[in-house]
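Trainee: Quick one: the structure is below, questions incoming.
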Amino acid sequence: MLDKFLKIKKSTIPKAGKGVFTKIDLKKGQYVCEIIGEIISIKEYNRRLKNNLTVEGYSIEISSRRYLDTWNHECAGKYINDAYRSSFKNNCELCIDDDYKVYVQTLRKINKGEELFLSYGEEYWKIIKI
């Protein structure tokens, strides 16, 4: 289920596809949403990539041995873009708790209607080669 105060629509970053926007003002340090998916091993992640059963941009490395695959799970958080190489700045961060729950938290106050952005990490951009 999508969080009721988030809206998915075309991103303000050209050619980025979908983006996530807030319908309400958010405070600094506020929980935004959980990113839902299946926790899988690196071996399973690579098998899925090889067989086109997942997409690299919809998986999150949550430990040195585990990924969260969000491909077949509907949650708003998986559509939050990284502001990398755009005129925008990341306003959220990815957090992972001890139980491997992945959630998004704000880095600053975010006004109603703003798009949410979070860093995917340098390693992601090296792999994607954009």
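Each chain in the structure tokens gets a letter, A, B, ..., in the order shown, and its residues are numbered from 1; ligands are numbered from 1 in order too.
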Give me, as a ChimeraX atom specification, all polymer residues having an atom no more than 6 Å from A:Lys28, counting only C-alpha atoms and skipping those fewer than 4 positions away in the same chain.

Mentor: /A:106-109

Trainee: Taking 5 positions as the minimum chain separation for residues in the same chain, which residues sit within 12 Å of stretch 92-95 of chain A when counting only C-alpha atoms? Answer as a PyMOL selection string.

Mentor: chain A and resi 20-22+26-35+60-63+77-78+80-83+100-110+114-121
